Structure formats: C-alpha cells, structure tokens
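Student: Contents of target_25.txt (compact mmCIF, C-alpha atoms and all ligand atoms):
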# COMPACT_ATOMS: atom_id res chain seq x y z
CA GLY A 1 -29.52 124.51 13.14
CA ASN A 2 -28.82 121.91 10.51
CA PRO A 3 -27.38 123.04 7.17
CA TRP A 4 -29.75 120.51 5.53
CA GLY A 5 -32.32 117.88 6.50
CA TYR A 6 -35.39 116.03 5.27
CA GLY A 7 -38.08 118.52 6.31
CA LYS A 8 -40.19 120.99 4.30
CA GLN A 9 -37.78 123.88 4.80
CA ASP A 10 -34.44 122.04 4.52
CA GLY A 11 -35.25 118.87 2.56
CA PRO A 12 -34.24 117.41 -0.85
CA SER A 13 -36.35 119.92 -2.84
CA VAL A 14 -34.24 122.88 -1.57
CA TRP A 15 -30.78 121.25 -1.31
CA HIS A 16 -29.85 122.73 -4.73
CA LYS A 17 -29.80 126.24 -3.18
CA ASN A 18 -26.70 125.44 -1.09
CA TYR A 19 -25.49 122.47 -3.15
CA PRO A 20 -25.97 123.32 -6.87
CA VAL A 21 -24.54 119.92 -7.89
CA ALA A 22 -27.96 118.60 -6.77
CA GLU A 23 -29.02 119.36 -10.37
CA GLY A 24 -25.94 117.68 -11.89
CA ASP A 25 -25.69 114.95 -14.51
CA ARG A 26 -24.90 112.00 -12.23
CA GLN A 27 -27.10 112.39 -9.16
CA SER A 28 -28.40 109.59 -6.94
CA PRO A 29 -30.60 107.79 -6.14
CA ILE A 30 -32.37 106.70 -9.35
CA ASP A 31 -35.29 104.49 -10.33
CA ILE A 32 -33.85 101.23 -11.66
CA VAL A 33 -35.86 99.75 -14.55
CA PRO A 34 -34.63 96.12 -14.74
CA HIS A 35 -35.58 95.51 -18.38
CA GLN A 36 -33.76 98.68 -19.46
CA ALA A 37 -30.55 97.68 -17.66
CA SER A 38 -27.97 96.20 -20.02
CA HIS A 39 -26.66 92.79 -18.97
CA ASP A 40 -22.88 93.01 -19.08
CA PRO A 41 -21.19 89.56 -19.10
CA SER A 42 -17.83 91.26 -18.39
CA LEU A 43 -19.16 92.30 -14.94
CA GLY A 44 -17.65 89.81 -12.51
CA PRO A 45 -18.94 89.02 -9.03
CA ILE A 46 -18.67 91.43 -6.12
CA VAL A 47 -16.06 90.21 -3.64
CA LEU A 48 -16.25 91.34 -0.01
CA ASN A 49 -13.28 90.74 2.28
CA TYR A 50 -14.81 91.79 5.61
CA ASP A 51 -13.43 89.03 7.83
CA LYS A 52 -10.82 91.33 9.42
CA CYS A 53 -13.19 94.30 9.54
CA THR A 54 -13.02 96.38 12.70
CA SER A 55 -16.16 98.26 13.67
CA ILE A 56 -15.49 101.07 16.11
CA LYS A 57 -18.62 102.97 17.02
CA ILE A 58 -22.28 103.56 16.25
CA ALA A 59 -23.52 107.16 16.07
CA ASN A 60 -26.53 109.36 15.35
CA ASN A 61 -25.27 112.08 12.98
CA GLY A 62 -28.60 113.90 12.82
CA HIS A 63 -29.39 112.32 9.45
CA SER A 64 -29.10 108.57 10.04
CA VAL A 65 -27.53 105.96 12.32
CA VAL A 66 -23.97 105.20 11.20
CA VAL A 67 -21.52 102.40 12.12
CA GLU A 68 -17.91 103.53 11.53
CA PHE A 69 -14.98 101.22 10.76
CA GLU A 70 -11.21 101.37 11.15
CA ASP A 71 -10.03 102.28 7.63
CA SER A 72 -6.28 102.93 8.17
CA ASP A 73 -5.38 99.78 6.17
CA ASP A 74 -6.94 97.31 3.72
CA ARG A 75 -8.42 95.04 6.39
CA SER A 76 -11.96 95.27 4.98
CA VAL A 77 -12.46 95.89 1.27
CA ILE A 78 -14.89 95.44 -1.57
CA GLN A 79 -13.56 94.53 -5.01
CA GLY A 80 -14.55 92.99 -8.33
CA GLY A 81 -17.71 93.84 -10.23
CA PRO A 82 -17.29 97.26 -11.86
CA LEU A 83 -14.43 98.25 -9.56
CA GLY A 84 -10.90 98.60 -10.94
CA ASN A 85 -9.25 98.09 -7.55
CA PRO A 86 -10.21 97.37 -3.92
CA TYR A 87 -12.14 100.04 -1.99
CA ARG A 88 -11.93 100.30 1.82
CA LEU A 89 -15.02 100.03 4.06
CA LYS A 90 -15.50 103.27 6.01
CA GLN A 91 -19.06 103.20 7.35
CA PHE A 92 -22.54 101.88 6.85
CA HIS A 93 -25.89 103.55 7.54
CA PHE A 94 -29.57 103.22 6.71
CA HIS A 95 -32.44 105.19 5.15
CA TRP A 96 -36.03 104.38 6.10
CA GLY A 97 -39.66 105.59 5.94
CA GLY A 98 -42.38 106.49 8.40
CA LYS A 99 -44.32 103.45 7.19
CA ASP A 100 -43.06 100.21 5.61
CA CYS A 101 -44.41 101.10 2.14
CA HIS A 102 -41.56 103.52 1.47
CA GLY A 103 -38.13 104.45 2.82
CA SER A 104 -35.57 103.21 0.29
CA GLU A 105 -33.69 105.71 -1.87
CA HIS A 106 -33.31 103.66 -5.03
CA THR A 107 -36.58 102.29 -6.42
CA VAL A 108 -37.07 99.32 -8.76
CA ALA A 109 -39.56 99.86 -11.59
CA GLY A 110 -41.11 102.62 -9.46
CA ASN A 111 -41.40 100.41 -6.36
CA SER A 112 -39.91 101.47 -3.02
CA TYR A 113 -38.65 99.18 -0.30
CA ALA A 114 -39.10 99.87 3.43
CA SER A 115 -35.44 100.76 3.91
CA GLU A 116 -32.01 100.77 2.26
CA LEU A 117 -28.62 99.94 3.80
CA HIS A 118 -25.55 101.70 2.38
CA LEU A 119 -22.03 100.34 2.88
CA VAL A 120 -19.65 103.20 2.02
CA HIS A 121 -16.15 102.37 0.69
CA TRP A 122 -13.35 104.61 -0.62
CA ASN A 123 -10.54 104.23 -3.15
CA ALA A 124 -7.43 104.24 -0.94
CA VAL A 125 -5.30 102.97 -3.85
CA LYS A 126 -5.67 106.24 -5.77
CA TYR A 127 -6.42 108.74 -2.96
CA LYS A 128 -4.65 109.46 0.32
CA THR A 129 -7.70 110.39 2.39
CA PHE A 130 -11.43 109.65 2.42
CA GLU A 131 -12.18 113.36 2.03
CA GLU A 132 -10.06 113.50 -1.15
CA ALA A 133 -11.68 110.34 -2.52
CA ALA A 134 -15.18 111.65 -1.72
CA THR A 135 -14.70 114.44 -4.30
CA ALA A 136 -13.19 112.24 -7.07
CA PRO A 137 -15.30 110.67 -9.84
CA ASP A 138 -13.95 107.17 -8.98
CA GLY A 139 -13.46 107.89 -5.29
CA LEU A 140 -16.30 106.02 -3.60
CA ALA A 141 -18.16 102.73 -4.00
CA VAL A 142 -21.44 102.29 -2.13
CA LEU A 143 -23.07 98.86 -1.84
CA GLY A 144 -26.83 99.25 -1.48
CA ILE A 145 -29.03 96.58 0.08
CA PHE A 146 -32.83 96.80 0.17
CA LEU A 147 -34.74 95.91 3.36
CA GLU A 148 -38.24 94.44 3.06
CA THR A 149 -40.56 93.70 6.03
CA GLY A 150 -41.48 90.15 6.88
CA ASP A 151 -39.85 87.71 9.30
CA ASN A 152 -37.39 88.78 12.00
CA HIS A 153 -33.81 89.19 10.77
CA ARG A 154 -31.64 86.94 12.92
CA TRP A 155 -28.68 89.37 13.18
CA LEU A 156 -30.21 92.86 12.87
CA HIS A 157 -31.03 92.83 16.61
CA THR A 158 -27.29 93.42 17.21
CA ILE A 159 -27.91 96.91 15.86
CA THR A 160 -31.53 97.53 16.90
CA ASP A 161 -30.74 96.48 20.51
CA VAL A 162 -28.32 99.45 20.92
CA LEU A 163 -30.27 102.14 19.02
CA TYR A 164 -31.63 103.50 22.33
CA THR A 165 -28.05 104.56 23.19
CA VAL A 166 -27.85 106.80 20.09
CA LYS A 167 -31.36 108.30 20.21
CA PHE A 168 -30.20 111.91 19.88
CA LYS A 169 -28.13 113.72 17.25
CA GLY A 170 -24.48 113.72 18.29
CA SER A 171 -24.68 110.59 20.46
CA VAL A 172 -21.99 107.93 19.95
CA THR A 173 -21.51 104.48 21.49
CA ASP A 174 -18.69 101.94 21.24
CA PHE A 175 -19.68 99.25 18.76
CA LYS A 176 -16.95 96.65 18.30
CA GLY A 177 -16.86 93.26 16.65
CA PHE A 178 -19.72 93.74 14.20
CA ASN A 179 -19.26 92.24 10.73
CA PRO A 180 -21.82 93.63 8.24
CA LYS A 181 -21.52 90.49 6.13
CA CYS A 182 -24.38 89.16 8.31
CA LEU A 183 -26.66 91.80 6.76
CA LEU A 184 -26.21 90.67 3.15
CA PRO A 185 -28.58 88.47 1.14
CA SER A 186 -27.27 85.12 -0.12
CA SER A 187 -27.12 86.25 -3.76
CA LEU A 188 -25.09 89.34 -4.63
CA HIS A 189 -26.45 89.81 -8.16
CA TYR A 190 -26.50 93.57 -8.71
CA TRP A 191 -27.14 96.60 -10.84
CA THR A 192 -24.38 99.22 -11.15
CA TYR A 193 -24.23 102.82 -12.38
CA LEU A 194 -22.25 106.02 -11.81
CA GLY A 195 -23.87 108.44 -9.36
CA SER A 196 -23.43 110.60 -6.29
CA LEU A 197 -23.80 110.83 -2.55
CA THR A 198 -27.54 110.92 -1.85
CA THR A 199 -27.03 113.55 0.86
CA PRO A 200 -25.22 116.86 0.80
CA PRO A 201 -22.51 117.51 -0.27
CA LEU A 202 -23.99 115.30 -3.10
CA TYR A 203 -20.53 114.79 -4.61
CA GLU A 204 -20.61 112.92 -7.94
CA SER A 205 -18.04 110.40 -6.76
CA VAL A 206 -19.96 107.16 -6.24
CA THR A 207 -19.91 103.92 -8.20
CA TRP A 208 -23.24 102.47 -7.03
CA ILE A 209 -23.63 98.73 -6.66
CA ILE A 210 -27.26 97.88 -5.82
CA VAL A 211 -27.90 94.27 -4.80
CA LYS A 212 -31.06 92.90 -6.45
CA ASP A 213 -32.32 90.69 -3.60
CA PRO A 214 -33.62 92.41 -0.44
CA ILE A 215 -32.97 91.18 3.08
CA ILE A 216 -36.06 90.57 5.23
CA VAL A 217 -36.46 92.33 8.58
CA SER A 218 -39.49 92.49 10.88
CA GLU A 219 -41.71 95.56 11.25
CA LYS A 220 -40.74 95.52 14.94
CA GLN A 221 -37.02 95.71 14.07
CA LEU A 222 -37.61 98.50 11.56
CA GLY A 223 -39.82 100.32 14.06
CA LYS A 224 -36.82 100.64 16.39
CA PHE A 225 -35.07 102.88 13.82
CA ARG A 226 -38.02 105.25 14.15
CA THR A 227 -37.32 105.70 17.88
CA LEU A 228 -34.25 107.76 16.91
CA VAL A 229 -34.64 111.54 16.57
CA PHE A 230 -33.04 114.04 14.18
CA THR A 231 -32.62 116.51 17.06
CA GLY A 232 -30.09 116.87 19.86
CA GLU A 233 -30.87 116.00 23.50
CA GLU A 234 -30.72 119.70 24.45
CA GLU A 235 -33.28 120.77 21.79
CA ASP A 236 -36.86 121.16 23.00
CA GLN A 237 -38.37 120.10 19.65
CA ARG A 238 -37.99 116.30 19.25
CA THR A 239 -38.37 115.26 15.58
CA ARG A 240 -38.67 111.51 14.97
CA MET A 241 -35.97 110.21 12.60
CA GLU A 242 -37.89 108.79 9.63
CA ASN A 243 -38.31 109.44 5.87
CA ASN A 244 -34.57 110.24 5.71
CA PHE A 245 -34.42 109.37 2.00
CA ARG A 246 -33.87 111.41 -1.18
CA PRO A 247 -36.30 110.63 -4.01
CA PRO A 248 -35.05 109.28 -7.38
CA GLN A 249 -33.20 111.77 -9.60
CA PRO A 250 -33.11 112.12 -13.43
CA LEU A 251 -31.07 109.43 -15.20
CA LYS A 252 -29.73 112.00 -17.74
CA GLY A 253 -28.76 109.36 -20.26
CA ARG A 254 -26.78 107.16 -17.86
CA LYS A 255 -26.54 103.42 -18.47
CA VAL A 256 -27.45 100.98 -15.72
CA ARG A 257 -25.63 97.67 -16.10
CA SER A 258 -26.72 94.36 -14.64
CA SER A 259 -24.58 91.46 -13.45
CA ASN A 260 -26.05 88.07 -14.26
C1 LIG B 301 -24.33 112.58 5.85
N1 LIG B 301 -24.04 111.85 4.64
C2 LIG B 301 -22.92 110.93 4.71
C3 LIG B 301 -21.64 111.63 5.02
N2 LIG B 301 -20.46 111.34 4.28
C4 LIG B 301 -19.41 112.25 4.33
C5 LIG B 301 -18.75 112.42 5.53
C6 LIG B 301 -17.66 113.32 5.55
C7 LIG B 301 -17.26 114.01 4.42
C8 LIG B 301 -17.97 113.82 3.23
O1 LIG B 301 -17.63 114.45 2.11
C9 LIG B 301 -16.36 115.03 2.11
C10 LIG B 301 -19.06 112.94 3.19
S1 LIG B 301 -20.25 109.91 3.54
O2 LIG B 301 -19.41 110.08 2.40
O3 LIG B 301 -19.77 108.99 4.51
C11 LIG B 301 -21.76 109.53 2.99
S2 LIG B 301 -22.11 108.42 1.73
C12 LIG B 301 -23.78 108.70 1.79
S3 LIG B 301 -24.83 107.86 0.75
N3 LIG B 301 -26.33 108.00 1.31
O4 LIG B 301 -24.75 108.44 -0.56
O5 LIG B 301 -24.40 106.47 0.82
C13 LIG B 301 -24.05 109.59 2.79
C14 LIG B 301 -22.92 110.04 3.49
ZN ZN B 302 -27.01 106.46 2.28
Please, can you express the file's structure as structure tokens?
Tutor:
Amino acid sequence: GNPWGYGKQDGPSVWHKNYPVAEGDRQSPIDIVPHQASHDPSLGPIVLNYDKCTSIKIANNGHSVVVEFEDSDDRSVIQGGPLGNPYRLKQFHFHWGGKDCHGSEHTVAGNSYASELHLVHWNAVKYKTFEEAATAPDGLAVLGIFLETGDNHRWLHTITDVLYTVKFKGSVTDFKGFNPKCLLPSSLHYWTYLGSLTTPPLYESVTWIIVKDPIIVSEKQLGKFRTLVFTGEEEDQRTRMENNFRPPQPLKGRKVRSSN
C-alpha cells in the first residue's frame, strides 16, 4: 500500500511516525495573517521566465495530479522576490477539497480556498540534482496560487479535459506545449516565508511564495479533479481523490514577509 496518504490511518496526523520532521520548526503549510506579515520594501517583484518552458507529461502519482517539465537547463525559471538566484521549474500540481469551502493548504486569516496550485522549482545554481536540492534549506521555491470558485477559467480546461486519462494512480499521459503562465492571476503580489514540502518527506527546503490574489475557476472545472482516484486501476477499492491537503502547521516564531 501507500507509505502515506490523506486518510484516517495514513493521513497528516500520523505522518510524524515515519517522518519525524513533521514536528520540525519550519513546516508547511501555515495560516497567513495579513496584518501580522511585515511589509518588506526590499522584496522585489517575482519574475517568471516560462516562455521556453517544456511540459512533458501529466500524471496521477496517487496523491495529486502533476504536470512535469523538462528541467535539464534554465529554459523556465522563477527569480526575484526573496530568491537569491533563478530556480528551475520542475512540476506543478494541485490540492483540493471534497467541497468548495475547503481544499487549499495555506489559509489566510483562518480562511481556506477551494484549491491551491503549487509550482515547484529547484536551485540548480547551487545543487546538481533536484533530489539534492530537495533536502537543502535553500533548495526549493514553490509558488502557491489559490483557486476560488466562480466563473469558468478560460485556460484550465486544457488540464481538466485530459484528467480522465490519468484517473488512476500510476497513470501518465503525454502533455506537451502547456505554459502554466496562463494559470496565474494578473497581480503577483505575494507573501513569503521559509517552510517545507507539505507532503512526505516534508523536507524543510522550501522558500514559499504565496500569491495574494486567487484565480477563479468554475465548480464544474474543480469537480473534474474529484473524478480522479487515489487508487490504482487494479485495486478493487476506488477512493475518490479529494481533501489531499495538509492542515496549517505551527509558525514557531517564523516571520512572514509581504511584497507591496
Ligand atoms: C508527493 N509530493 C511531491 C513530491 N516531490 C518529490 C519528488 C521526488 C523526491 C522528493 O524528495 C526528494 C520530493 S516534490 O518535491 O516534487 C513535491 S513539492 C510538494 S509541495 N505540496 O510542498 O509543493 C509536494 C511534492
Ligand atoms: Zn503541493
């Protein structure tokens, strides 16, 4: 079976048994309290150079749906903001709820969004491989975007239209020519803090950059994510993929900074 999941027996409340860092000092996600974030005028804008990005495939990894990118060179990078150098785009994935009232990992003043998109980047300037970067304190940078339900998102259908091909854990489909820039809100004002992966192995290697403005997607579009299952095609028990989010973790004295 799975080493970890989001159920009663294998979910976030028991991850610490196999991954003791779950109780560490820089765990993610967190609840962001806007008025307690310190505005830092030295924080410049986030710069995304995704125009040459090369998406390869879309997959169901048994925890989420993931779009993987070619990351053998600096063709698609994030830089600026709190980052000291460019970080390479490796993959993006989503977290969502069983209903639209919850599903995001980060919360804002205690409020959840329906879903959260994570664009995962790694520091290829300092580290030779993703795996090495994933264990280093400045190894990863994850850009988080909240999804709120409302009108149809004009580009999300490119993803939701192919989700039926990755219904089961372990399924993979070619997915070329997708530029995730179409999933970003117009303003990239953000909060940033030092945290971790929000799934095992929960490495404390992530500089989080959480964009303040959500993107709007329809309930119908979000509903398509819930047609995925955590389980493999061969398993007799089909478990709907939903509520694949970790709840907020203790801040432990960390500072959250805010761009303008
Ligand atoms: C299943 N969880 C993802 C797997 N990853 C992974 C894959 C291979 C090795 C590894 O560690 C060595 C980690 S990952 O780094 O791409 C990330 S980032 C992330 S989140 N929610 O914090 O943005 C979840 C996952
Ligand atoms: Zn994530």
Student: Kindly indicate which residue among A:Thr198, A:Asn2, A:Tyr113, A:Phe146 lies nearest to Pro247 (chain A), using only C-alpha atoms for the distances.
Tutor: A:Thr198
Student: Which one is closest to Leu147 (chain A): A:Pro86, A:Gly81, A:Gly62, A:Gly103? Count only C-alpha atoms.
Tutor: A:Gly103
Student: Which polymer residues have any atom within 12 Å of an atom of region 10-25 of chain A, counting only C-alpha atoms, with same-chain residues fewer than 6 positions away left out, as a short mmCIF file (atom, residue, chain, number, x, y, z; two decimals) with C-alpha atoms, in the frame of the given file?
Tutor:
data_model
loop_
_atom_site.label_atom_id
_atom_site.label_comp_id
_atom_site.auth_asym_id
_atom_site.auth_seq_id
_atom_site.Cartn_x
_atom_site.Cartn_y
_atom_site.Cartn_z
CA GLY A 1 -29.52 124.51 13.14
CA ASN A 2 -28.82 121.91 10.51
CA PRO A 3 -27.38 123.04 7.17
CA TRP A 4 -29.75 120.51 5.53
CA HIS A 63 -29.39 112.32 9.45
CA GLU A 105 -33.69 105.71 -1.87
CA THR A 135 -14.70 114.44 -4.30
CA LEU A 194 -22.25 106.02 -11.81
CA GLY A 195 -23.87 108.44 -9.36
CA SER A 196 -23.43 110.60 -6.29
CA LEU A 197 -23.80 110.83 -2.55
CA THR A 198 -27.54 110.92 -1.85
CA THR A 199 -27.03 113.55 0.86
CA PRO A 200 -25.22 116.86 0.80
CA PRO A 201 -22.51 117.51 -0.27
CA LEU A 202 -23.99 115.30 -3.10
CA TYR A 203 -20.53 114.79 -4.61
CA GLU A 204 -20.61 112.92 -7.94
CA SER A 205 -18.04 110.40 -6.76
CA ASN A 243 -38.31 109.44 5.87
CA ASN A 244 -34.57 110.24 5.71
CA PHE A 245 -34.42 109.37 2.00
CA ARG A 246 -33.87 111.41 -1.18
CA PRO A 247 -36.30 110.63 -4.01
CA PRO A 248 -35.05 109.28 -7.38
CA GLN A 249 -33.20 111.77 -9.60
CA PRO A 250 -33.11 112.12 -13.43
CA LEU A 251 -31.07 109.43 -15.20
CA LYS A 252 -29.73 112.00 -17.74
CA GLY A 253 -28.76 109.36 -20.26
CA ARG A 254 -26.78 107.16 -17.86
#
Student: Hey, can you check how far CA of Thr231 (chain A) sits from CA of Gly170 (chain A)?
Tutor: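 Distance between the two atoms: 8.7 Å.
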Student: I'd like the contact shell of Ala133 (chain A) - 12 Å cut-off, all atoms listed in the file, skipping same-chain residues fewer than 3 positions apart - returned as a list in words.
Tutor: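 Listed by chain and then number, they are Tyr87, Arg88, Lys90, Val120, His121, Trp122, Asn123, Ala124, Val125, Lys126, Tyr127, Lys128, Thr129, Phe130, Ala136, Pro137, Asp138, Gly139, Leu140, Ala141, Tyr203, Glu204, Ser205, Val206 and Thr207 of chain A.
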Student: Choose the residue, out of A:Gly80, A:Pro34, A:Pro29, A:Gly98, that has the smallest atom-to-atom separation from Leu228 (chain A); count all atoms listed in the file.
Tutor: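 With all atoms listed in the file as the atom set, the closest residue is A:Gly98.
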Student: Excluding Arg226 (chain A) and residues on its chain fewer than 4 positions from it, collect all residues at most 8 Å away from it, counting all atoms listed in the file, and give them as a PyMOL selection string.
Tutor: chain A and resi 98+222+240-242
Student: Please, can region 202-220 of chain A be completed to N, CA and C atoms and returned as an mmCIF file, in the coordinates of the input?
Tutor:
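Now in out_25.cif:
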data_model
loop_
_atom_site.group_PDB
_atom_site.id
_atom_site.type_symbol
_atom_site.label_atom_id
_atom_site.label_comp_id
_atom_site.auth_asym_id
_atom_site.auth_seq_id
_atom_site.Cartn_x
_atom_site.Cartn_y
_atom_site.Cartn_z
ATOM 1 N N LEU A 202 -23.485 115.793 -1.801
ATOM 2 C CA LEU A 202 -23.990 115.300 -3.100
ATOM 3 C C LEU A 202 -22.884 115.143 -4.146
ATOM 4 N N TYR A 203 -21.665 114.945 -3.682
ATOM 5 C CA TYR A 203 -20.530 114.790 -4.610
ATOM 6 C C TYR A 203 -20.773 113.671 -5.615
ATOM 7 N N GLU A 204 -20.396 113.916 -6.868
ATOM 8 C CA GLU A 204 -20.610 112.920 -7.940
ATOM 9 C C GLU A 204 -19.395 112.000 -8.032
ATOM 10 N N SER A 205 -19.253 111.205 -6.968
ATOM 11 C CA SER A 205 -18.040 110.400 -6.760
ATOM 12 C C SER A 205 -18.316 108.942 -6.470
ATOM 13 N N VAL A 206 -19.566 108.502 -6.675
ATOM 14 C CA VAL A 206 -19.960 107.160 -6.240
ATOM 15 C C VAL A 206 -20.206 106.207 -7.410
ATOM 16 N N THR A 207 -19.520 105.058 -7.365
ATOM 17 C CA THR A 207 -19.910 103.920 -8.200
ATOM 18 C C THR A 207 -20.923 103.150 -7.348
ATOM 19 N N TRP A 208 -22.179 103.152 -7.774
ATOM 20 C CA TRP A 208 -23.240 102.470 -7.030
ATOM 21 C C TRP A 208 -23.323 101.014 -7.451
ATOM 22 N N ILE A 209 -23.445 100.160 -6.425
ATOM 23 C CA ILE A 209 -23.630 98.730 -6.660
ATOM 24 C C ILE A 209 -24.850 98.331 -5.838
ATOM 25 N N ILE A 210 -25.985 98.135 -6.511
ATOM 26 C CA ILE A 210 -27.260 97.880 -5.820
ATOM 27 C C ILE A 210 -27.591 96.393 -5.945
ATOM 28 N N VAL A 211 -27.635 95.716 -4.809
ATOM 29 C CA VAL A 211 -27.900 94.270 -4.800
ATOM 30 C C VAL A 211 -29.395 94.047 -5.096
ATOM 31 N N LYS A 212 -29.686 93.105 -5.979
ATOM 32 C CA LYS A 212 -31.060 92.900 -6.450
ATOM 33 C C LYS A 212 -31.967 92.330 -5.367
ATOM 34 N N ASP A 213 -31.466 91.347 -4.599
ATOM 35 C CA ASP A 213 -32.320 90.690 -3.600
ATOM 36 C C ASP A 213 -32.336 91.474 -2.287
ATOM 37 N N PRO A 214 -33.553 91.723 -1.733
ATOM 38 C CA PRO A 214 -33.620 92.410 -0.440
ATOM 39 C C PRO A 214 -33.317 91.442 0.702
ATOM 40 N N ILE A 215 -32.970 91.998 1.861
ATOM 41 C CA ILE A 215 -32.970 91.180 3.080
ATOM 42 C C ILE A 215 -34.320 91.439 3.753
ATOM 43 N N ILE A 216 -34.745 90.472 4.571
ATOM 44 C CA ILE A 216 -36.060 90.570 5.230
ATOM 45 C C ILE A 216 -35.842 90.896 6.698
ATOM 46 N N VAL A 217 -36.522 91.945 7.166
ATOM 47 C CA VAL A 217 -36.460 92.330 8.580
ATOM 48 C C VAL A 217 -37.895 92.476 9.074
ATOM 49 N N SER A 218 -38.109 92.389 10.396
ATOM 50 C CA SER A 218 -39.490 92.490 10.880
ATOM 51 C C SER A 218 -39.886 93.952 11.041
ATOM 52 N N GLU A 219 -41.203 94.193 11.053
ATOM 53 C CA GLU A 219 -41.710 95.560 11.250
ATOM 54 C C GLU A 219 -41.260 96.074 12.609
ATOM 55 N N LYS A 220 -41.155 95.139 13.579
ATOM 56 C CA LYS A 220 -40.740 95.520 14.940
ATOM 57 C C LYS A 220 -39.285 96.029 14.905
#
